[in-house]
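Asker: Just one file: model16.json, with JSON, C-alpha atoms.
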[["chain", "number", "residue", "atom", "x", "y", "z"],
["A", 21, "MET", "CA", 108.36, 72.55, 157.24],
["A", 22, "LEU", "CA", 112.12, 72.91, 157.48],
["A", 23, "PRO", "CA", 112.82, 72.75, 153.69],
["A", 24, "ARG", "CA", 110.18, 75.43, 153.06],
["A", 25, "LEU", "CA", 111.74, 77.68, 155.71],
["A", 26, "THR", "CA", 115.21, 77.12, 154.27],
["A", 27, "ALA", "CA", 114.03, 78.02, 150.76],
["A", 28, "ARG", "CA", 112.44, 81.23, 152.05],
["A", 29, "ALA", "CA", 115.59, 82.13, 153.93],
["A", 30, "ALA", "CA", 117.69, 81.51, 150.81],
["A", 31, "VAL", "CA", 115.43, 83.75, 148.72],
["A", 32, "LEU", "CA", 115.59, 86.53, 151.32],
["A", 33, "ILE", "CA", 119.38, 86.31, 151.49],
["A", 34, "LEU", "CA", 119.71, 86.45, 147.70],
["A", 35, "LEU", "CA", 117.37, 89.44, 147.48],
["A", 36, "SER", "CA", 119.28, 91.31, 150.17],
["A", 37, "LEU", "CA", 122.61, 90.60, 148.46],
["A", 38, "ALA", "CA", 121.24, 91.77, 145.12],
["A", 39, "GLY", "CA", 120.15, 95.01, 146.75],
["A", 40, "CYS", "CA", 123.63, 95.58, 148.18],
["A", 41, "ALA", "CA", 125.33, 94.93, 144.86],
["A", 42, "SER", "CA", 123.36, 97.49, 142.91],
["A", 43, "GLY", "CA", 123.86, 100.34, 145.38],
["A", 44, "PRO", "CA", 121.33, 103.04, 146.20],
["A", 45, "GLY", "CA", 120.67, 104.77, 142.88],
["A", 46, "VAL", "CA", 124.16, 105.73, 141.76],
["A", 47, "ALA", "CA", 126.19, 105.76, 138.57],
["A", 48, "ILE", "CA", 129.97, 105.40, 138.63],
["A", 49, "LEU", "CA", 132.30, 107.27, 136.30],
["A", 50, "THR", "CA", 136.08, 106.88, 136.30],
["A", 51, "TYR", "CA", 138.01, 109.79, 134.83],
["A", 52, "GLU", "CA", 141.35, 109.15, 133.10],
["A", 53, "THR", "CA", 143.48, 111.64, 131.18],
["A", 54, "GLN", "CA", 145.68, 111.48, 128.12],
["A", 55, "PRO", "CA", 148.49, 112.23, 128.67],
["A", 56, "ALA", "CA", 148.34, 110.93, 132.24],
["A", 57, "GLY", "CA", 148.86, 113.14, 135.26],
["A", 58, "ALA", "CA", 146.30, 115.92, 134.89],
["A", 59, "THR", "CA", 144.66, 117.29, 138.02],
["A", 60, "LEU", "CA", 140.87, 117.02, 138.01],
["A", 61, "TYR", "CA", 138.50, 119.68, 139.30],
["A", 62, "GLU", "CA", 134.79, 119.32, 139.98],
["A", 63, "GLY", "CA", 132.81, 122.41, 140.88],
["A", 64, "GLY", "CA", 136.04, 124.38, 141.24],
["A", 65, "GLN", "CA", 137.41, 121.95, 143.86],
["A", 66, "ALA", "CA", 140.40, 119.72, 143.15],
["A", 67, "ILE", "CA", 139.43, 116.04, 143.37],
["A", 68, "GLY", "CA", 142.92, 114.67, 142.68],
["A", 69, "VAL", "CA", 145.16, 113.50, 139.89],
["A", 70, "ALA", "CA", 143.55, 111.19, 137.34],
["A", 71, "PRO", "CA", 142.45, 108.46, 137.43],
["A", 72, "GLN", "CA", 139.61, 109.28, 139.82],
["A", 73, "GLU", "CA", 136.40, 107.33, 140.38],
["A", 74, "ARG", "CA", 133.28, 109.35, 141.18],
["A", 75, "ARG", "CA", 129.81, 108.21, 142.23],
["A", 76, "TYR", "CA", 126.82, 110.29, 141.24],
["A", 77, "SER", "CA", 123.28, 109.98, 142.58],
["A", 78, "GLY", "CA", 120.49, 109.52, 140.09],
["A", 79, "ASP", "CA", 117.05, 111.07, 139.86],
["A", 80, "PRO", "CA", 114.77, 108.87, 142.00],
["A", 81, "GLN", "CA", 112.00, 108.94, 139.39],
["A", 82, "THR", "CA", 113.88, 108.48, 136.13],
["A", 83, "GLY", "CA", 117.27, 107.10, 137.17],
["A", 84, "ALA", "CA", 118.93, 109.78, 135.05],
["A", 85, "VAL", "CA", 122.29, 111.18, 136.13],
["A", 86, "ARG", "CA", 123.83, 114.36, 134.74],
["A", 87, "THR", "CA", 127.40, 114.59, 135.91],
["A", 88, "PRO", "CA", 128.82, 117.93, 136.95],
["A", 89, "GLU", "CA", 131.48, 119.50, 134.79],
["A", 90, "VAL", "CA", 134.93, 118.07, 135.47],
["A", 91, "THR", "CA", 137.97, 119.98, 134.26],
["A", 92, "ALA", "CA", 141.35, 118.35, 133.64],
["A", 93, "VAL", "CA", 144.34, 120.68, 134.00],
["A", 94, "TRP", "CA", 147.80, 119.57, 132.90],
["A", 95, "PRO", "CA", 151.05, 121.10, 134.27],
["A", 96, "SER", "CA", 151.43, 123.16, 131.07],
["A", 97, "GLY", "CA", 148.12, 124.86, 131.83],
["A", 98, "ALA", "CA", 146.23, 123.00, 129.09],
["A", 99, "LYS", "CA", 142.61, 122.38, 130.08],
["A", 100, "THR", "CA", 139.60, 120.45, 128.92],
["A", 101, "THR", "CA", 136.14, 120.15, 130.45],
["A", 102, "PHE", "CA", 133.76, 117.20, 130.33],
["A", 103, "TRP", "CA", 130.28, 116.24, 131.47],
["A", 104, "THR", "CA", 127.89, 113.50, 130.40],
["A", 105, "ASN", "CA", 124.53, 111.88, 131.01],
["A", 106, "LEU", "CA", 124.48, 108.48, 132.70],
["A", 107, "HIS", "CA", 121.86, 106.16, 134.11],
["A", 108, "VAL", "CA", 121.71, 104.62, 137.57],
["A", 109, "GLY", "CA", 123.75, 101.42, 137.57],
["A", 110, "ASP", "CA", 126.22, 102.60, 134.91],
["A", 111, "ASP", "CA", 129.91, 101.99, 135.59],
["A", 112, "ARG", "CA", 131.90, 103.75, 132.89],
["A", 113, "VAL", "CA", 135.38, 105.05, 132.16],
["A", 114, "THR", "CA", 136.08, 108.23, 130.21],
["A", 115, "THR", "CA", 139.39, 109.64, 129.03],
["A", 116, "LEU", "CA", 139.80, 113.40, 128.90],
["A", 117, "GLN", "CA", 142.15, 114.28, 126.02],
["A", 118, "ARG", "CA", 144.57, 117.18, 126.24],
["A", 119, "PRO", "CA", 143.72, 119.78, 123.59],
["A", 120, "SER", "CA", 146.00, 119.17, 120.61],
["A", 121, "ASN", "CA", 146.55, 122.88, 120.00],
["A", 122, "ALA", "CA", 147.63, 123.70, 123.58],
["A", 123, "PRO", "CA", 151.29, 124.76, 123.93],
["A", 124, "ASN", "CA", 154.03, 122.95, 125.90],
["A", 125, "LEU", "CA", 153.05, 119.37, 125.08],
["A", 126, "ALA", "CA", 156.56, 118.17, 126.03],
["A", 127, "LEU", "CA", 156.02, 119.37, 129.62],
["A", 128, "ASP", "CA", 152.84, 117.31, 129.92],
["A", 129, "GLN", "CA", 154.45, 114.26, 128.31],
["A", 130, "ASP", "CA", 157.37, 114.43, 130.77],
["A", 131, "ASN", "CA", 154.89, 114.66, 133.62],
["A", 132, "ALA", "CA", 152.93, 111.69, 132.24],
["A", 133, "ALA", "CA", 156.12, 109.60, 132.13],
["A", 134, "LYS", "CA", 156.40, 109.94, 135.92],
["A", 135, "PHE", "CA", 152.91, 108.51, 136.38],
["A", 136, "THR", "CA", 153.46, 105.76, 133.82],
["A", 137, "ASP", "CA", 156.78, 104.76, 135.40],
["A", 138, "GLN", "CA", 155.23, 104.73, 138.88],
["A", 139, "ALA", "CA", 152.33, 102.60, 137.65],
["A", 140, "LYS", "CA", 154.79, 100.10, 136.16],
["A", 141, "ARG", "CA", 156.74, 99.95, 139.44],
["A", 142, "ASP", "CA", 153.52, 99.46, 141.41],
["A", 143, "GLU", "CA", 152.42, 96.69, 139.06],
["A", 144, "ALA", "CA", 155.80, 94.91, 139.33],
["A", 145, "ARG", "CA", 155.71, 95.20, 143.13],
["A", 146, "ALA", "CA", 152.17, 93.78, 143.26],
["A", 147, "LYS", "CA", 153.15, 90.90, 140.97],
["A", 148, "ALA", "CA", 156.22, 90.06, 143.08],
["A", 149, "SER", "CA", 154.12, 90.15, 146.24],
["A", 150, "LEU", "CA", 151.54, 87.83, 144.70],
["A", 151, "MET", "CA", 154.24, 85.39, 143.60],
["A", 152, "THR", "CA", 155.75, 85.40, 147.10],
["A", 153, "ASP", "CA", 152.35, 84.74, 148.66],
["A", 154, "GLN", "CA", 151.70, 81.89, 146.23],
["A", 155, "ALA", "CA", 155.09, 80.34, 147.00],
["A", 156, "ARG", "CA", 154.53, 80.59, 150.77],
["A", 157, "ASN", "CA", 151.16, 78.90, 150.39],
["A", 158, "SER", "CA", 152.51, 76.05, 148.24],
["A", 159, "ALA", "CA", 152.48, 72.49, 149.55],
["A", 160, "ARG", "CA", 156.30, 72.41, 149.61],
["A", 161, "CYS", "CA", 156.52, 75.52, 151.77],
["A", 162, "LYS", "CA", 153.72, 74.35, 154.08],
["A", 163, "VAL", "CA", 155.67, 71.15, 154.79],
["A", 164, "GLN", "CA", 158.86, 73.11, 155.43],
["A", 165, "GLN", "CA", 157.05, 75.55, 157.72],
["A", 166, "GLN", "CA", 155.42, 72.73, 159.72],
["A", 167, "THR", "CA", 158.70, 70.88, 160.23],
["A", 168, "GLY", "CA", 160.58, 74.06, 161.09],
["A", 169, "HIS", "CA", 163.17, 73.42, 158.38],
["A", 170, "VAL", "CA", 162.74, 76.25, 155.90],
["A", 171, "GLY", "CA", 165.53, 75.67, 153.41],
["A", 172, "VAL", "CA", 164.28, 77.84, 150.55],
["A", 173, "ASP", "CA", 164.11, 81.64, 150.76],
["A", 174, "ASP", "CA", 160.70, 81.90, 149.11],
["A", 175, "CYS", "CA", 159.13, 79.88, 151.96],
["A", 176, "GLN", "CA", 160.06, 82.40, 154.69]]
Could you write out this file's structure as structure tokens?

Answerer:
Amino acid sequence: MLPRLTARAAVLILLSLAGCASGPGVAILTYETQPAGATLYEGGQAIGVAPQERRYSGDPQTGAVRTPEVTAVWPSGAKTTFWTNLHVGDDRVTTLQRPSNAPNLALDQDNAAKFTDQAKRDEARAKASLMTDQARNSARCKVQQQTGHVGVDDCQ
């Protein structure tokens, strides 16, 4: 009796986890811009500087998703608008390209450099933090921490 009950419980747990993973009828679209740093607008409302992840509900019958129009506006005033059709469960990335004929490209490239530089600094900071955490969790550091004799800076 017990093995049968355990098997049923395992099946129920797996089914409930599968339901959580898929989400309730949404598609995900991440908006990026090229050059980086454009402000995104959806329905006339600013949703932030790219990249931005948006979740859209699908039609309950068909699972179809038509995204609203999203407009990217760069500091120079250059604009582009985008929309697409998705399906429930999609998780996609799209890059909105600055129009090549828009004036003041240098302004937008200078702005993009700020975002690129910041992303590089954030990545370096995250990598350094990960390396510090790994060092602190090493066997050598654990022994030093337990004995109270921390002789190496990366173990503190």

Asker: Find the residue from A:Val85, A:Thr53, A:Ser158, A:Glu62 that sits nearest to A:Asp111; use all atoms listed in the file when measuring.

Answerer: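 Going through A:Val85, A:Thr53, A:Ser158, A:Glu62 one by one, the smallest distance to A:Asp111 is for A:Val85.
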
Asker: So how many Å separate atom CA of A:Asn131 and atom CA of A:Gln65, to one decimal?

Answerer: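 Between atom CA of A:Asn131 and atom CA of A:Gln65 the gap is 21.5 Å.
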
Asker: Using only C-alpha atoms, which residue out of A:Ala98, A:Leu150, A:Leu106, A:Ala133 lies closest to A:Arg118?

Answerer: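 Checking each of A:Ala98, A:Leu150, A:Leu106, A:Ala133 against A:Arg118, counting only C-alpha atoms, the winner is A:Ala98.
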
Asker: Can you tell me how far atom CA of A:Ala132 sits from atom CA of A:Thr91, in Å to one decimal?

Answerer: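 Pair atom CA of A:Ala132 / atom CA of A:Thr91 returns 17.2 Å.
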
Asker: Using atom CA of A:Val46 and atom CA of A:Glu89 as the two end points, give the distance in Å to one decimal.

Answerer: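 Here the two named atoms are 17.1 Å from each other.
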
Asker: Which protein, DNA or RNA residues have an atom at most 9 Å from (118.6, 109.9, 137.4), counting all atoms listed in the file? List them as a list in words.

Answerer: Gly45, Val46, Ala47, Ser77, Gly78, Asp79, Pro80, Gln81, Thr82, Gly83, Ala84, Val85, Arg86, Asn105, Leu106, His107 and Val108 of chain A

Asker: Find the axis-aligned box for stretch 158-166 of chain A, covering all its listed atoms and adding 5 Å on each side, and write its centre and edge lengths in Å to one decimal as AutoDock Vina command-line options.

Answerer:
--center_x 155.7 --center_y 73.6 --center_z 154.0 --size_x 16.4 --size_y 14.9 --size_z 21.5

Asker: Taking into account only C-alpha atoms, which residue in the set A:Arg160, A:Lys134, A:Lys99, A:Lys140 is nearest to A:Ser120?

Answerer: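 Using only C-alpha atoms, A:Ser120 sits closest to A:Lys99.
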
Asker: Could you check which of A:Tyr51, A:Trp103, A:Tyr76, A:Trp94 is closest to A:Thr115, using all atoms listed in the file?

Answerer: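 Between A:Tyr51, A:Trp103, A:Tyr76, A:Trp94, the residue approaching A:Thr115 most closely is A:Tyr51.
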
Asker: Between A:Arg112, A:Glu143, A:Ala56, A:Asn124, which has the minimum distance to A:Arg75 (counting only C-alpha atoms)?

Answerer: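 Ranking A:Arg112, A:Glu143, A:Ala56, A:Asn124 by distance to A:Arg75, first place goes to A:Arg112.
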
Asker: Quick one: everything within 6 Å of A:Leu60, counting only C-alpha atoms, minus sequence neighbours fewer than 2 positions away in the same chain. Send it as a PyMOL selection string.

Answerer: chain A and resi 66-69+91-92

Asker: Could I get stretch 66-86 of chain A rebuilt with N, CA and C atoms, written as a PDB file, in the frame of the given file?

Answerer:
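The resulting file, result-v5.pdb, is shown below:
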ATOM      1  N   ALA A  66     139.529 120.792 143.626  1.00  0.00           N
ATOM      2  CA  ALA A  66     140.400 119.720 143.150  1.00  0.00           C
ATOM      3  C   ALA A  66     139.931 118.392 143.740  1.00  0.00           C
ATOM      4  N   ILE A  67     139.823 117.377 142.889  1.00  0.00           N
ATOM      5  CA  ILE A  67     139.430 116.040 143.370  1.00  0.00           C
ATOM      6  C   ILE A  67     140.582 115.054 143.226  1.00  0.00           C
ATOM      7  N   GLY A  68     141.739 115.519 142.759  1.00  0.00           N
ATOM      8  CA  GLY A  68     142.920 114.670 142.680  1.00  0.00           C
ATOM      9  C   GLY A  68     143.441 114.525 141.272  1.00  0.00           C
ATOM     10  N   VAL A  69     144.534 113.786 141.181  1.00  0.00           N
ATOM     11  CA  VAL A  69     145.160 113.500 139.890  1.00  0.00           C
ATOM     12  C   VAL A  69     144.487 112.267 139.307  1.00  0.00           C
ATOM     13  N   ALA A  70     144.204 112.315 138.019  1.00  0.00           N
ATOM     14  CA  ALA A  70     143.550 111.190 137.340  1.00  0.00           C
ATOM     15  C   ALA A  70     144.456 109.959 137.422  1.00  0.00           C
ATOM     16  N   PRO A  71     143.878 108.776 137.518  1.00  0.00           N
ATOM     17  CA  PRO A  71     142.450 108.460 137.430  1.00  0.00           C
ATOM     18  C   PRO A  71     141.729 108.690 138.755  1.00  0.00           C
ATOM     19  N   GLN A  72     140.480 109.074 138.660  1.00  0.00           N
ATOM     20  CA  GLN A  72     139.610 109.280 139.820  1.00  0.00           C
ATOM     21  C   GLN A  72     138.258 108.656 139.540  1.00  0.00           C
ATOM     22  N   GLU A  73     137.737 107.918 140.512  1.00  0.00           N
ATOM     23  CA  GLU A  73     136.400 107.330 140.380  1.00  0.00           C
ATOM     24  C   GLU A  73     135.424 108.191 141.168  1.00  0.00           C
ATOM     25  N   ARG A  74     134.311 108.526 140.533  1.00  0.00           N
ATOM     26  CA  ARG A  74     133.280 109.350 141.180  1.00  0.00           C
ATOM     27  C   ARG A  74     131.950 108.620 141.123  1.00  0.00           C
ATOM     28  N   ARG A  75     131.155 108.788 142.159  1.00  0.00           N
ATOM     29  CA  ARG A  75     129.810 108.210 142.230  1.00  0.00           C
ATOM     30  C   ARG A  75     128.808 109.351 142.251  1.00  0.00           C
ATOM     31  N   TYR A  76     127.825 109.234 141.371  1.00  0.00           N
ATOM     32  CA  TYR A  76     126.820 110.290 141.240  1.00  0.00           C
ATOM     33  C   TYR A  76     125.435 109.705 141.489  1.00  0.00           C
ATOM     34  N   SER A  77     124.651 110.410 142.295  1.00  0.00           N
ATOM     35  CA  SER A  77     123.280 109.980 142.580  1.00  0.00           C
ATOM     36  C   SER A  77     122.384 110.264 141.398  1.00  0.00           C
ATOM     37  N   GLY A  78     121.429 109.362 141.199  1.00  0.00           N
ATOM     38  CA  GLY A  78     120.490 109.520 140.090  1.00  0.00           C
ATOM     39  C   GLY A  78     119.174 110.104 140.544  1.00  0.00           C
ATOM     40  N   ASP A  79     118.400 110.579 139.596  1.00  0.00           N
ATOM     41  CA  ASP A  79     117.050 111.070 139.860  1.00  0.00           C
ATOM     42  C   ASP A  79     116.213 109.879 140.326  1.00  0.00           C
ATOM     43  N   PRO A  80     115.539 109.998 141.476  1.00  0.00           N
ATOM     44  CA  PRO A  80     114.770 108.870 142.000  1.00  0.00           C
ATOM     45  C   PRO A  80     113.652 108.402 141.070  1.00  0.00           C
ATOM     46  N   GLN A  81     113.106 109.298 140.279  1.00  0.00           N
ATOM     47  CA  GLN A  81     112.000 108.940 139.390  1.00  0.00           C
ATOM     48  C   GLN A  81     112.467 108.311 138.085  1.00  0.00           C
ATOM     49  N   THR A  82     113.475 108.913 137.465  1.00  0.00           N
ATOM     50  CA  THR A  82     113.880 108.480 136.130  1.00  0.00           C
ATOM     51  C   THR A  82     115.171 107.659 136.106  1.00  0.00           C
ATOM     52  N   GLY A  83     115.975 107.774 137.158  1.00  0.00           N
ATOM     53  CA  GLY A  83     117.270 107.100 137.170  1.00  0.00           C
ATOM     54  C   GLY A  83     118.321 107.823 136.360  1.00  0.00           C
ATOM     55  N   ALA A  84     117.989 109.009 135.856  1.00  0.00           N
ATOM     56  CA  ALA A  84     118.930 109.780 135.050  1.00  0.00           C
ATOM     57  C   ALA A  84     119.978 110.452 135.941  1.00  0.00           C
ATOM     58  N   VAL A  85     121.189 110.537 135.418  1.00  0.00           N
ATOM     59  CA  VAL A  85     122.290 111.180 136.130  1.00  0.00           C
ATOM     60  C   VAL A  85     122.962 112.139 135.155  1.00  0.00           C
ATOM     61  N   ARG A  86     123.034 113.407 135.526  1.00  0.00           N
ATOM     62  CA  ARG A  86     123.830 114.360 134.740  1.00  0.00           C
ATOM     63  C   ARG A  86     125.028 114.695 135.599  1.00  0.00           C
TER      64      ARG A  86
END
